[in-house]
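Text of the file input.csv, holding CSV, C-alpha atoms and all ligand atoms:
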chain,number,residue,atom,x,y,z
K,85,MET,CA,-28.1,-93.7,-7.4
K,86,ALA,CA,-24.7,-94.6,-8.9
K,87,GLU,CA,-21.7,-94.4,-6.7
K,88,VAL,CA,-20.0,-91.0,-7.2
K,89,ALA,CA,-16.2,-91.3,-7.5
K,90,THR,CA,-13.9,-88.5,-6.2
K,91,PRO,CA,-12.7,-86.5,-9.3
K,92,LEU,CA,-9.3,-87.6,-10.5
K,93,ILE,CA,-9.0,-84.7,-12.8
K,94,GLU,CA,-10.6,-81.2,-13.0
K,95,ARG,CA,-11.0,-80.8,-16.7
K,96,LEU,CA,-10.9,-83.4,-19.4
K,97,VAL,CA,-11.0,-82.1,-23.0
K,98,VAL,CA,-11.9,-84.4,-25.9
K,99,VAL,CA,-11.0,-83.1,-29.4
K,100,GLY,CA,-13.3,-84.8,-32.0
K,101,LEU,CA,-16.6,-86.1,-30.6
K,102,GLY,CA,-17.3,-88.9,-33.0
K,103,LEU,CA,-17.8,-92.6,-32.2
K,104,ILE,CA,-14.6,-92.9,-30.2
K,105,GLY,CA,-14.1,-89.5,-28.6
K,106,GLY,CA,-17.9,-89.2,-27.9
K,107,SER,CA,-18.0,-92.6,-26.3
K,108,PHE,CA,-14.9,-91.9,-24.2
K,109,ALA,CA,-16.3,-88.4,-23.1
K,110,LYS,CA,-19.7,-89.9,-22.2
K,111,GLY,CA,-18.1,-92.8,-20.3
K,112,ALA,CA,-15.7,-90.5,-18.5
K,113,ARG,CA,-18.6,-88.1,-17.6
K,114,ALA,CA,-20.6,-91.0,-16.2
K,115,SER,CA,-17.6,-92.3,-14.2
K,116,GLY,CA,-17.5,-89.2,-12.0
K,117,LEU,CA,-13.7,-89.1,-12.3
K,118,CYS,CA,-13.7,-85.7,-14.0
K,119,ARG,CA,-15.2,-82.5,-12.6
K,120,GLU,CA,-15.8,-81.2,-16.1
K,121,VAL,CA,-15.8,-82.9,-19.6
K,122,VAL,CA,-15.4,-80.4,-22.4
K,123,GLY,CA,-15.7,-81.3,-26.1
K,124,ILE,CA,-14.2,-79.7,-29.1
K,125,ASP,CA,-15.4,-80.4,-32.6
K,126,ARG,CA,-15.2,-78.6,-35.9
K,127,ASP,CA,-18.7,-79.5,-36.9
K,128,PRO,CA,-21.5,-77.3,-35.4
K,129,GLU,CA,-24.1,-80.0,-35.5
K,130,THR,CA,-21.9,-82.4,-33.6
K,131,ARG,CA,-21.2,-79.7,-31.0
K,132,ARG,CA,-25.0,-79.2,-30.6
K,133,LEU,CA,-25.8,-82.9,-30.4
K,134,ALA,CA,-22.9,-83.6,-28.0
K,135,VAL,CA,-24.5,-81.4,-25.4
K,136,GLU,CA,-28.0,-82.5,-26.2
K,137,LEU,CA,-27.1,-86.2,-25.9
K,138,GLY,CA,-25.2,-85.7,-22.6
K,139,VAL,CA,-21.8,-86.6,-24.1
K,140,VAL,CA,-20.1,-83.6,-22.6
K,141,ASP,CA,-20.8,-80.8,-20.2
K,142,ARG,CA,-20.1,-78.2,-22.8
K,143,CYS,CA,-18.7,-78.0,-26.3
K,144,VAL,CA,-16.7,-75.4,-28.1
K,145,ALA,CA,-15.1,-74.9,-31.6
K,146,GLU,CA,-11.6,-73.7,-30.7
K,147,LEU,CA,-8.8,-75.4,-28.9
K,148,ALA,CA,-7.7,-72.1,-27.4
K,149,GLU,CA,-11.1,-71.8,-25.6
K,150,ALA,CA,-10.8,-75.1,-23.7
K,151,CYS,CA,-7.3,-76.5,-23.7
K,152,PRO,CA,-5.3,-74.0,-21.5
K,153,GLY,CA,-5.9,-75.1,-17.9
K,154,ALA,CA,-7.1,-78.6,-18.9
K,155,ASP,CA,-5.6,-81.6,-17.0
K,156,VAL,CA,-6.0,-84.1,-19.8
K,157,ILE,CA,-6.6,-83.5,-23.5
K,158,GLN,CA,-7.6,-86.5,-25.6
K,159,LEU,CA,-7.2,-86.3,-29.4
K,160,ALA,CA,-9.9,-88.3,-31.1
K,161,VAL,CA,-9.9,-86.9,-34.7
K,162,PRO,CA,-9.0,-88.9,-37.8
K,163,ILE,CA,-5.3,-89.8,-37.8
K,164,LEU,CA,-4.1,-87.5,-40.5
K,165,ALA,CA,-5.9,-84.5,-38.8
K,166,MET,CA,-3.9,-85.0,-35.6
K,167,GLU,CA,-0.8,-83.3,-37.0
K,168,ARG,CA,-2.6,-80.0,-37.5
K,169,VAL,CA,-4.3,-80.3,-34.1
K,170,LEU,CA,-1.0,-81.1,-32.4
K,171,ALA,CA,0.7,-78.1,-34.1
K,172,GLU,CA,-2.1,-75.8,-32.9
K,173,LEU,CA,-1.9,-77.2,-29.4
K,174,ALA,CA,1.9,-76.7,-29.3
K,175,ALA,CA,1.3,-72.9,-29.8
K,176,LEU,CA,-1.1,-72.7,-26.8
K,177,PRO,CA,-0.1,-72.2,-23.1
K,178,LEU,CA,-1.0,-75.7,-22.0
K,179,GLN,CA,0.4,-75.4,-18.5
K,180,GLY,CA,1.4,-79.1,-18.2
K,181,ALA,CA,-1.7,-80.7,-19.6
K,182,ILE,CA,-1.3,-84.4,-20.4
K,183,LEU,CA,-2.0,-85.2,-24.0
K,184,THR,CA,-3.3,-88.6,-25.1
K,185,ASP,CA,-4.9,-89.9,-28.3
K,186,VAL,CA,-7.0,-92.8,-29.6
K,187,GLY,CA,-5.4,-93.2,-33.1
K,188,SER,CA,-5.5,-96.6,-34.7
K,189,ALA,CA,-1.8,-96.4,-35.6
K,190,LYS,CA,0.7,-95.0,-33.3
K,191,GLY,CA,4.1,-94.3,-35.0
K,192,ASN,CA,2.8,-91.6,-37.2
K,193,VAL,CA,1.0,-89.7,-34.4
K,194,VAL,CA,4.1,-90.0,-32.1
K,195,ARG,CA,6.3,-88.5,-34.9
K,196,ALA,CA,3.8,-85.7,-35.4
K,197,ALA,CA,3.7,-85.0,-31.7
K,198,ARG,CA,7.5,-84.9,-31.3
K,199,GLN,CA,7.8,-82.6,-34.3
K,200,ALA,CA,5.1,-80.2,-33.1
K,201,PHE,CA,6.5,-80.0,-29.6
K,202,ALA,CA,10.2,-79.9,-30.6
K,203,GLY,CA,12.0,-77.8,-28.0
K,204,GLN,CA,9.1,-77.9,-25.5
K,205,SER,CA,8.2,-80.5,-22.9
K,206,LEU,CA,5.8,-83.1,-24.4
K,207,ARG,CA,3.6,-84.9,-21.9
K,208,PHE,CA,2.1,-87.5,-24.2
K,209,VAL,CA,0.5,-90.9,-23.4
K,210,PRO,CA,-0.4,-92.4,-26.8
K,211,GLY,CA,-3.3,-94.8,-26.7
K,212,HIS,CA,-5.6,-97.0,-28.8
K,213,PRO,CA,-8.9,-98.6,-27.8
K,214,ILE,CA,-9.5,-101.9,-29.5
K,215,ALA,CA,-13.2,-101.4,-29.8
K,216,GLY,CA,-15.4,-99.6,-32.3
K,217,SER,CA,-17.7,-100.4,-35.1
K,218,GLU,CA,-18.4,-99.5,-38.7
K,219,ARG,CA,-20.5,-96.6,-37.4
K,220,SER,CA,-19.2,-93.1,-36.9
K,221,GLY,CA,-20.3,-89.7,-35.6
K,222,VAL,CA,-21.5,-88.4,-32.2
K,223,THR,CA,-24.9,-90.2,-32.5
K,224,ALA,CA,-23.0,-93.5,-32.3
K,225,ALA,CA,-21.4,-92.5,-29.0
K,226,ASN,CA,-21.9,-95.1,-26.3
K,227,ALA,CA,-20.6,-94.9,-22.7
K,228,ALA,CA,-20.3,-98.7,-22.5
K,229,LEU,CA,-18.4,-99.1,-25.8
K,230,PHE,CA,-15.1,-99.9,-24.1
K,231,ASN,CA,-16.5,-102.1,-21.4
K,232,ARG,CA,-14.3,-105.3,-21.2
K,233,HIS,CA,-12.4,-104.2,-24.3
K,234,LYS,CA,-8.7,-103.8,-24.5
K,235,VAL,CA,-7.0,-100.4,-24.6
K,236,ILE,CA,-3.4,-100.3,-25.6
K,237,LEU,CA,-1.2,-97.5,-24.2
K,238,THR,CA,2.2,-97.1,-25.8
K,239,PRO,CA,4.2,-94.9,-23.4
K,240,LEU,CA,7.3,-93.1,-24.8
K,241,GLU,CA,10.7,-92.9,-23.2
K,242,GLU,CA,9.8,-89.4,-22.0
K,243,THR,CA,6.3,-90.3,-20.7
K,244,LEU,CA,6.1,-89.6,-17.0
K,245,PRO,CA,4.9,-92.6,-14.9
K,246,ALA,CA,2.3,-90.4,-13.1
K,247,ASP,CA,0.8,-89.3,-16.5
K,248,LEU,CA,0.7,-92.9,-17.7
K,249,ASP,CA,-1.1,-93.9,-14.5
K,250,LYS,CA,-3.7,-91.1,-14.8
K,251,VAL,CA,-4.6,-92.1,-18.4
K,252,ASP,CA,-4.6,-95.7,-17.4
K,253,ARG,CA,-7.0,-95.0,-14.6
K,254,LEU,CA,-9.4,-93.0,-16.8
K,255,TRP,CA,-9.7,-96.0,-19.2
K,256,ARG,CA,-10.2,-98.5,-16.4
K,257,ALA,CA,-12.9,-96.3,-14.9
K,258,ILE,CA,-14.9,-96.8,-18.0
K,259,GLY,CA,-14.5,-100.5,-18.0
K,260,ALA,CA,-11.5,-101.1,-20.3
K,261,ASP,CA,-8.7,-103.6,-19.8
K,262,VAL,CA,-5.6,-101.6,-20.3
K,263,GLU,CA,-2.3,-103.0,-21.6
K,264,HIS,CA,1.0,-101.3,-22.4
K,265,MET,CA,3.3,-102.0,-25.3
K,266,THR,CA,5.8,-100.3,-27.5
K,267,VAL,CA,4.7,-98.1,-30.4
K,268,GLU,CA,6.5,-100.4,-33.0
K,269,HIS,CA,5.0,-103.6,-31.6
K,270,HIS,CA,1.5,-102.0,-31.5
K,271,ASP,CA,1.7,-101.0,-35.2
K,272,GLN,CA,2.9,-104.5,-36.3
K,273,VAL,CA,0.2,-106.3,-34.3
K,274,LEU,CA,-2.6,-104.1,-35.3
K,275,ALA,CA,-1.5,-104.1,-39.0
K,276,ALA,CA,-2.1,-107.9,-38.9
K,277,THR,CA,-5.2,-108.1,-36.7
K,278,SER,CA,-7.2,-105.0,-37.7
K,279,HIS,CA,-5.7,-103.1,-40.7
K,280,LEU,CA,-5.2,-106.2,-43.0
K,281,PRO,CA,-8.7,-107.6,-42.4
K,282,HIS,CA,-10.2,-104.2,-43.2
K,283,LEU,CA,-8.0,-103.8,-46.3
K,284,LEU,CA,-9.1,-107.3,-47.5
K,285,ALA,CA,-12.8,-106.5,-46.9
K,286,PHE,CA,-12.7,-103.2,-48.7
K,287,ASN,CA,-10.8,-104.8,-51.6
K,288,LEU,CA,-13.0,-107.8,-52.0
K,289,VAL,CA,-16.3,-105.9,-51.9
K,290,ASP,CA,-14.8,-103.3,-54.4
K,291,SER,CA,-13.4,-106.0,-56.6
K,292,LEU,CA,-16.8,-107.7,-56.9
K,293,ALA,CA,-18.9,-104.6,-57.1
K,294,LYS,CA,-17.0,-102.9,-59.8
K,295,ARG,CA,-17.5,-105.6,-62.3
K,296,SER,CA,-20.9,-105.1,-63.7
K,297,GLU,CA,-21.3,-108.8,-64.6
K,298,ASN,CA,-21.0,-109.5,-60.9
K,299,ARG,CA,-23.8,-107.2,-59.8
K,300,GLU,CA,-26.1,-110.1,-59.5
K,301,ILE,CA,-24.0,-111.5,-56.6
K,302,PHE,CA,-25.7,-108.9,-54.4
K,303,HIS,CA,-29.0,-110.6,-55.2
K,304,TYR,CA,-27.8,-114.1,-54.3
K,305,ALA,CA,-25.4,-113.2,-51.4
K,306,ALA,CA,-26.2,-114.4,-47.9
K,307,GLY,CA,-24.3,-114.4,-44.6
K,308,GLY,CA,-20.7,-114.9,-45.7
K,309,PHE,CA,-20.6,-112.0,-48.1
K,310,ARG,CA,-22.8,-109.8,-45.7
K,311,ASP,CA,-20.1,-110.1,-43.0
K,312,PHE,CA,-17.5,-108.8,-45.4
K,313,THR,CA,-19.7,-105.9,-46.5
K,314,ARG,CA,-20.2,-104.9,-42.8
K,315,ILE,CA,-16.5,-104.3,-42.5
K,316,ALA,CA,-16.3,-102.7,-46.0
K,317,GLY,CA,-19.0,-100.2,-44.7
K,318,SER,CA,-16.5,-98.6,-42.4
K,319,ASP,CA,-15.6,-95.0,-42.7
K,320,PRO,CA,-13.4,-94.4,-45.8
K,321,THR,CA,-11.6,-91.3,-44.3
K,322,MET,CA,-10.7,-93.2,-41.2
K,323,TRP,CA,-9.3,-96.2,-43.1
K,324,HIS,CA,-7.6,-94.1,-45.7
K,325,ASP,CA,-5.7,-92.4,-42.9
K,326,ILE,CA,-4.8,-95.7,-41.2
K,327,PHE,CA,-3.4,-97.4,-44.3
K,328,ILE,CA,-1.3,-94.3,-45.1
K,329,ALA,CA,-0.2,-93.7,-41.5
K,330,ASN,CA,0.8,-97.4,-40.9
K,331,ARG,CA,2.0,-98.0,-44.4
K,332,GLU,CA,5.1,-100.1,-43.7
K,333,ALA,CA,3.5,-102.5,-41.2
K,334,VAL,CA,0.4,-102.9,-43.4
K,335,LEU,CA,2.6,-103.7,-46.5
K,336,GLN,CA,4.5,-106.2,-44.5
K,337,ALA,CA,1.3,-107.9,-43.3
K,338,LEU,CA,-0.1,-107.8,-46.8
K,339,ASP,CA,3.0,-109.4,-48.3
K,340,THR,CA,2.9,-112.3,-45.8
K,341,TYR,CA,-0.8,-112.8,-46.6
K,342,ARG,CA,-0.2,-112.7,-50.3
K,343,ALA,CA,2.4,-115.4,-50.0
K,344,ASP,CA,-0.1,-117.6,-48.1
K,345,LEU,CA,-2.9,-116.8,-50.6
K,346,ASP,CA,-0.6,-117.8,-53.5
K,347,GLU,CA,0.1,-121.1,-51.7
K,348,LEU,CA,-3.6,-121.8,-51.3
K,349,ARG,CA,-4.2,-121.0,-54.9
K,350,GLY,CA,-1.4,-123.4,-55.9
K,351,ALA,CA,-3.0,-126.1,-53.8
K,352,ILE,CA,-6.4,-125.7,-55.4
K,353,GLN,CA,-4.9,-125.7,-58.8
K,354,ALA,CA,-2.9,-128.8,-58.1
K,355,GLY,CA,-5.9,-130.5,-56.4
K,356,ASP,CA,-3.9,-130.8,-53.2
K,357,GLY,CA,-6.8,-131.8,-50.9
K,358,GLN,CA,-4.6,-132.5,-47.9
K,359,PHE,CA,-3.0,-129.0,-47.9
K,360,LEU,CA,-6.5,-127.5,-48.4
K,361,MET,CA,-7.9,-129.5,-45.5
K,362,GLU,CA,-5.0,-128.5,-43.3
K,363,VAL,CA,-5.6,-124.8,-43.9
K,364,LEU,CA,-9.4,-124.9,-43.5
K,365,THR,CA,-9.2,-127.0,-40.3
K,366,HIS,CA,-6.5,-124.8,-38.8
K,367,ALA,CA,-8.6,-121.7,-39.6
K,368,ARG,CA,-11.7,-123.3,-38.1
K,369,GLY,CA,-9.7,-124.2,-34.9
K,370,ALA,CA,-8.5,-120.6,-34.6
K,371,ARG,CA,-12.0,-119.3,-34.9
K,372,GLU,CA,-13.2,-121.7,-32.2
K,373,TYR,CA,-10.4,-120.5,-29.9
K,374,PHE,CA,-11.3,-116.8,-30.6
K,375,GLY,CA,-15.0,-117.6,-30.1
K,376,ARG,CA,-14.2,-118.8,-26.5
K,377,ILE,CA,-12.2,-115.6,-25.8
K,378,LEU,CA,-15.1,-113.5,-27.1
K,379,ALA,CA,-17.7,-115.5,-25.0
K,380,SER,CA,-15.7,-115.1,-21.8
K,381,ARG,CA,-15.5,-111.3,-22.4
K,382,THR,CA,-19.2,-111.1,-23.0
K,383,GLN,CA,-19.9,-113.1,-19.8
K,384,ALA,CA,-17.5,-110.9,-17.8
K,385,GLY,CA,-19.2,-107.8,-19.3
K,386,ALA,CA,-22.6,-109.1,-18.4
K,387,GLN,CA,-21.4,-109.7,-14.8
K,388,VAL,CA,-20.1,-106.1,-14.5
K,389,ALA,CA,-23.4,-104.8,-15.9
K,390,ALA,CA,-25.4,-106.9,-13.4
K,391,HIS,CA,-23.2,-105.8,-10.5
K,392,HIS,CA,-23.8,-102.1,-11.5
K,393,SER,CA,-27.5,-102.5,-11.7
K,394,LEU,CA,-27.5,-104.2,-8.2
K,395,THR,CA,-25.4,-101.5,-6.6
K,396,GLU,CA,-27.6,-98.8,-8.2
K,397,GLY,CA,-30.7,-100.6,-6.9
K,398,HIS,CA,-29.4,-100.7,-3.3
K,399,SER,CA,-28.0,-97.2,-2.9
K,401,LIG,N1,-14.1,-96.2,-35.3
K,401,LIG,C1,-13.3,-97.1,-34.8
K,401,LIG,O1,-13.7,-98.3,-34.8
K,401,LIG,C2,-12.1,-96.7,-34.1
K,401,LIG,C3,-11.6,-97.6,-33.1
K,401,LIG,C4,-10.4,-97.2,-32.4
K,401,LIG,C5,-9.8,-96.0,-32.7
K,401,LIG,N2,-10.3,-95.2,-33.7
K,401,LIG,C6,-9.6,-93.9,-33.9
K,401,LIG,O2,-10.4,-92.9,-33.4
K,401,LIG,C7,-10.2,-91.7,-34.1
K,401,LIG,C8,-11.6,-91.1,-34.4
K,401,LIG,O3,-12.4,-92.1,-35.1
K,401,LIG,P1,-14.0,-92.1,-35.0
K,401,LIG,O4,-14.4,-93.4,-35.5
K,401,LIG,O5,-14.5,-91.7,-33.7
K,401,LIG,O6,-14.3,-91.0,-36.1
K,401,LIG,P2,-15.6,-90.1,-36.3
K,401,LIG,O7,-15.6,-89.7,-37.7
K,401,LIG,O8,-16.8,-90.8,-35.7
K,401,LIG,O9,-15.3,-88.8,-35.4
K,401,LIG,C9,-14.3,-87.9,-35.7
K,401,LIG,C10,-14.8,-86.5,-35.2
K,401,LIG,O10,-13.7,-85.6,-35.3
K,401,LIG,C11,-14.2,-84.4,-35.7
K,401,LIG,N3,-13.0,-83.7,-36.3
K,401,LIG,C12,-12.3,-84.0,-37.5
K,401,LIG,N4,-11.3,-83.1,-37.6
K,401,LIG,C13,-11.3,-82.3,-36.6
K,401,LIG,C14,-10.5,-81.2,-36.2
K,401,LIG,N5,-9.5,-80.8,-36.9
K,401,LIG,N6,-10.8,-80.5,-35.0
K,401,LIG,C15,-11.9,-80.9,-34.3
K,401,LIG,N7,-12.7,-81.9,-34.6
K,401,LIG,C16,-12.4,-82.6,-35.8
K,401,LIG,C17,-15.3,-84.7,-36.7
K,401,LIG,O11,-16.2,-83.6,-36.9
K,401,LIG,C18,-15.9,-85.9,-36.0
K,401,LIG,O12,-16.9,-85.5,-35.1
K,401,LIG,C19,-9.4,-92.0,-35.3
K,401,LIG,O13,-8.1,-91.6,-35.2
K,401,LIG,C20,-9.5,-93.5,-35.4
K,401,LIG,O14,-8.3,-94.1,-36.0
K,401,LIG,C21,-11.4,-95.5,-34.3
K,402,LIG,O1,-15.5,-103.4,-34.2
K,402,LIG,C1,-15.2,-103.2,-35.3
K,402,LIG,O2,-16.0,-103.3,-36.3
K,402,LIG,C2,-13.9,-102.6,-35.7
K,402,LIG,O3,-13.6,-102.6,-36.8
K,402,LIG,C3,-13.1,-102.1,-34.6
K,402,LIG,C4,-11.6,-102.1,-34.8
K,402,LIG,C5,-11.1,-103.5,-35.2
K,402,LIG,O4,-11.3,-104.4,-34.3
K,402,LIG,O5,-10.5,-103.7,-36.2
K,402,LIG,C6,-11.3,-101.1,-35.9
K,402,LIG,C7,-10.3,-100.2,-35.8
K,402,LIG,C8,-9.8,-99.8,-34.5
K,402,LIG,O6,-8.6,-99.1,-34.5
K,402,LIG,C9,-10.0,-100.7,-33.5
K,402,LIG,C10,-10.9,-101.7,-33.6
Would it be possible to restate this file's structure as structure tokens?
Amino acid sequence: MAEVATPLIERLVVVGLGLIGGSFAKGARASGLCREVVGIDRDPETRRLAVELGVVDRCVAELAEACPGADVIQLAVPILAMERVLAELAALPLQGAILTDVGSAKGNVVRAARQAFAGQSLRFVPGHPIAGSERSGVTAANAALFNRHKVILTPLEETLPADLDKVDRLWRAIGADVEHMTVEHHDQVLAATSHLPHLLAFNLVDSLAKRSENREIFHYAAGGFRDFTRIAGSDPTMWHDIFIANREAVLQALDTYRADLDELRGAIQAGDGQFLMEVLTHARGAREYFGRILASRTQAGAQVAAHHSLTEGHS
């Protein structure tokens, strides 16, 4: 049997049981660190499946039914839905519950939380797991999703160290590597490493697909295009919310990229082979470096999985 940890918290509530909230709830439940994991989702079928698939102990429709008396409440709804959920939470007797979230952009959620809780104490530990996929919904929930993946917590001036520590420990208990940074730094870094690549993939696939003369590319496309379409297959609602919520940092990253793209275009036009080779070689080197980081994470993840199966086998 798996080792049973002493519960760190009595009741964890996860609002929004899709890919991310469902995976967190399932992992937290398996970790044994919570006496009870309660889900909230507005979709009845998700609520039914969440219990059937063992994602949560129980699932309800209303915040008022599960949040008063909870120790930790995690918001895992689309970013632009967080404002309404936060406003509803602020009207409930939360009795000192710690709020946390998983939104892909942080500044907007933090502003919404401060606005909703103006004049009240706000115990908020903003967070963002750098893991996911193009899939969504509770059926994609996977307890091992965050294993060996980074989770960024962006504590605020008013965040209590004990609250930060509790949320940090929950993520570590489900295998994540936790790092802390400021909200502003997070939004700039993620605009470049996650939001811009998704914007480009959506844009490229749309641009090619909407021109009827290009329809035939789908017949002749292979791996390179397929990789772009995988990203462009991500959830439109989620990405709509991210581009709007992190607008300023996304525009900044896009402008820098456009300047580089124009430079590359100029080099091709001028037949500047040396510049072209420099860009391509540099990009290839970056990919090789990133590949080594990915390989070491995969290896570390496999070691953790092997360790778990050994300890389970011996107890
Ligand atoms: N998908 C990823 O790769 C990824 C990675 C990291 C962070 N995130 C962030 O996680 C959050 C959730 O993304 P996801 O991919 O899990 O989405 P998802 O679509 O899989 O799940 C969202 C869930 O929230 C529910 N929901 C929506 N509004 C609600 C409301 N007002 N009250 C209760 N439930 C509500 C939906 O029914 C759905 O079950 C987003 O903020 C996103 O930015 C996503
Ligand atoms: O794994 C993927 O396919 C993802 O797109 C995950 C990914 C990303 O890496 O950009 C997407 C959005 C999140 O906020 C965090 C992670």
Contacts to ligand LIG 401 (chain K) at 8 Å cut-off (only C-alpha atoms and all ligand atoms) as a PyMOL selection string: chain K and resi 99-106+124-127+130+145+159-166+168-169+185-189+212-222+224+318-319+321-323+325-326
Can you report as AutoDock Vina command-line options the centre and edge lengths in Å, to one decimal, of an axis-aligned box around the listed atoms of stretch 367-385 of chain K padded with 8 Å on each side?
--center_x -14.2 --center_y -116.0 --center_z -28.7 --size_x 27.4 --size_y 32.4 --size_z 37.8
Within 9 Å of file point (-8.2, -105.1, -18.4), counting only C-alpha atoms, expressed as a PyMOL selection string: chain K and resi 232-235+256+259-263
Exercise: K:Arg207 partners within 8 Å, only C-alpha atoms, chain neighbours under 2 positions left out, as a list in words: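 In the requested form, the answer reads Gly180, Ala181, Ile182, Leu183, Ser205, Val209, Glu242, Thr243, Leu244 and Asp247 of chain K.
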Proximity to ligand LIG 402 (chain K) - best of K:Leu274, K:Leu170, K:Leu338, K:Cys143, only C-alpha atoms and all ligand atoms: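 Looking only at the distances to ligand LIG 402 (chain K), the closest residue turns out to be K:Leu274.
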Residue nearest K:Ala285 - candidates K:Asp311, K:Glu172, K:Asp249, K:Glu268, atoms counted: only C-alpha atoms: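 For K:Ala285, the nearest of the given residues is K:Asp311.
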Minimum-distance residue to K:Ala386, chosen among K:Ile315, K:Val267, K:Ala148, K:Ala228 (using only C-alpha atoms):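 Of K:Ile315, K:Val267, K:Ala148, K:Ala228, the one nearest K:Ala386 is K:Ala228, counting only C-alpha atoms.
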Stretch 301-303 of chain K surroundings by only C-alpha atoms, 12 Å radius, close-in-sequence under 6 positions cut, as a PyMOL selection string: chain K and resi 289+291-295+309-310+313
Atom CA of K:Arg349 to atom CA of K:Pro281, straight-line distance in Å: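 So the two atoms, atom CA of K:Pro281 and atom CA of K:Arg349, lie 18.9 Å apart.
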Selection near K:Val363, 12 Å with all atoms listed in the file, sequence-local residues under 6 positions removed, as a list in words: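 My list of contacting residues is Asp344, Leu345, Glu347, Leu348, Arg349, Ala351, Ile352, Asp356, Gly357, Gly369 and Ala370 of chain K.
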Atomic distance atom CA of K:Trp255 - atom C2 of ligand LIG 402 (chain K), expressed in Å with one decimal: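 Between these atoms lies a distance of 18.3 Å.
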Distance in Å - atom CA of K:Phe208 versus atom CA of K:Glu149: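 Separation of atom CA of K:Phe208 and atom CA of K:Glu149: 20.6 Å.
The shortest atom-to-atom distance to ligand LIG 402 (chain K), with all atoms listed in the file taken into account, belongs to K:Asp271 out of K:Asp339, K:Glu94, K:Asp271, K:Glu136.
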Could you pull the residues within 10 Å of K:Leu92, counting only C-alpha atoms, minus those fewer than 4 positions along the same chain, as an mmCIF file with C-alpha atoms, keeping the file's coordinate frame?
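File around-v4.cif, as written:
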data_model
loop_
_atom_site.group_PDB
_atom_site.id
_atom_site.type_symbol
_atom_site.label_atom_id
_atom_site.label_comp_id
_atom_site.auth_asym_id
_atom_site.auth_seq_id
_atom_site.Cartn_x
_atom_site.Cartn_y
_atom_site.Cartn_z
ATOM 1 C CA LEU K 96 -10.900 -83.400 -19.400
ATOM 2 C CA GLY K 116 -17.500 -89.200 -12.000
ATOM 3 C CA LEU K 117 -13.700 -89.100 -12.300
ATOM 4 C CA CYS K 118 -13.700 -85.700 -14.000
ATOM 5 C CA ARG K 119 -15.200 -82.500 -12.600
ATOM 6 C CA ASP K 155 -5.600 -81.600 -17.000
ATOM 7 C CA LYS K 250 -3.700 -91.100 -14.800
ATOM 8 C CA ARG K 253 -7.000 -95.000 -14.600
ATOM 9 C CA LEU K 254 -9.400 -93.000 -16.800
#
From K:Lys190, K:Arg95, K:Arg131, K:Lys110, residue lying nearest ligand LIG 402 (chain K) [all atoms listed in the file]: K:Lys190
Which of K:Asp346, K:Glu167, K:Glu362, K:Ala174 sits closest to K:Arg195 [using only C-alpha atoms]: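 Checking each candidate against K:Arg195, we get K:Glu167 as the closest.
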All residues 12 Å or closer to K:Leu335, only C-alpha atoms, same chain fewer than 2 positions away omitted, as a PyMOL selection string: chain K and resi 271-272+275-276+279-280+283+327-333+337-342
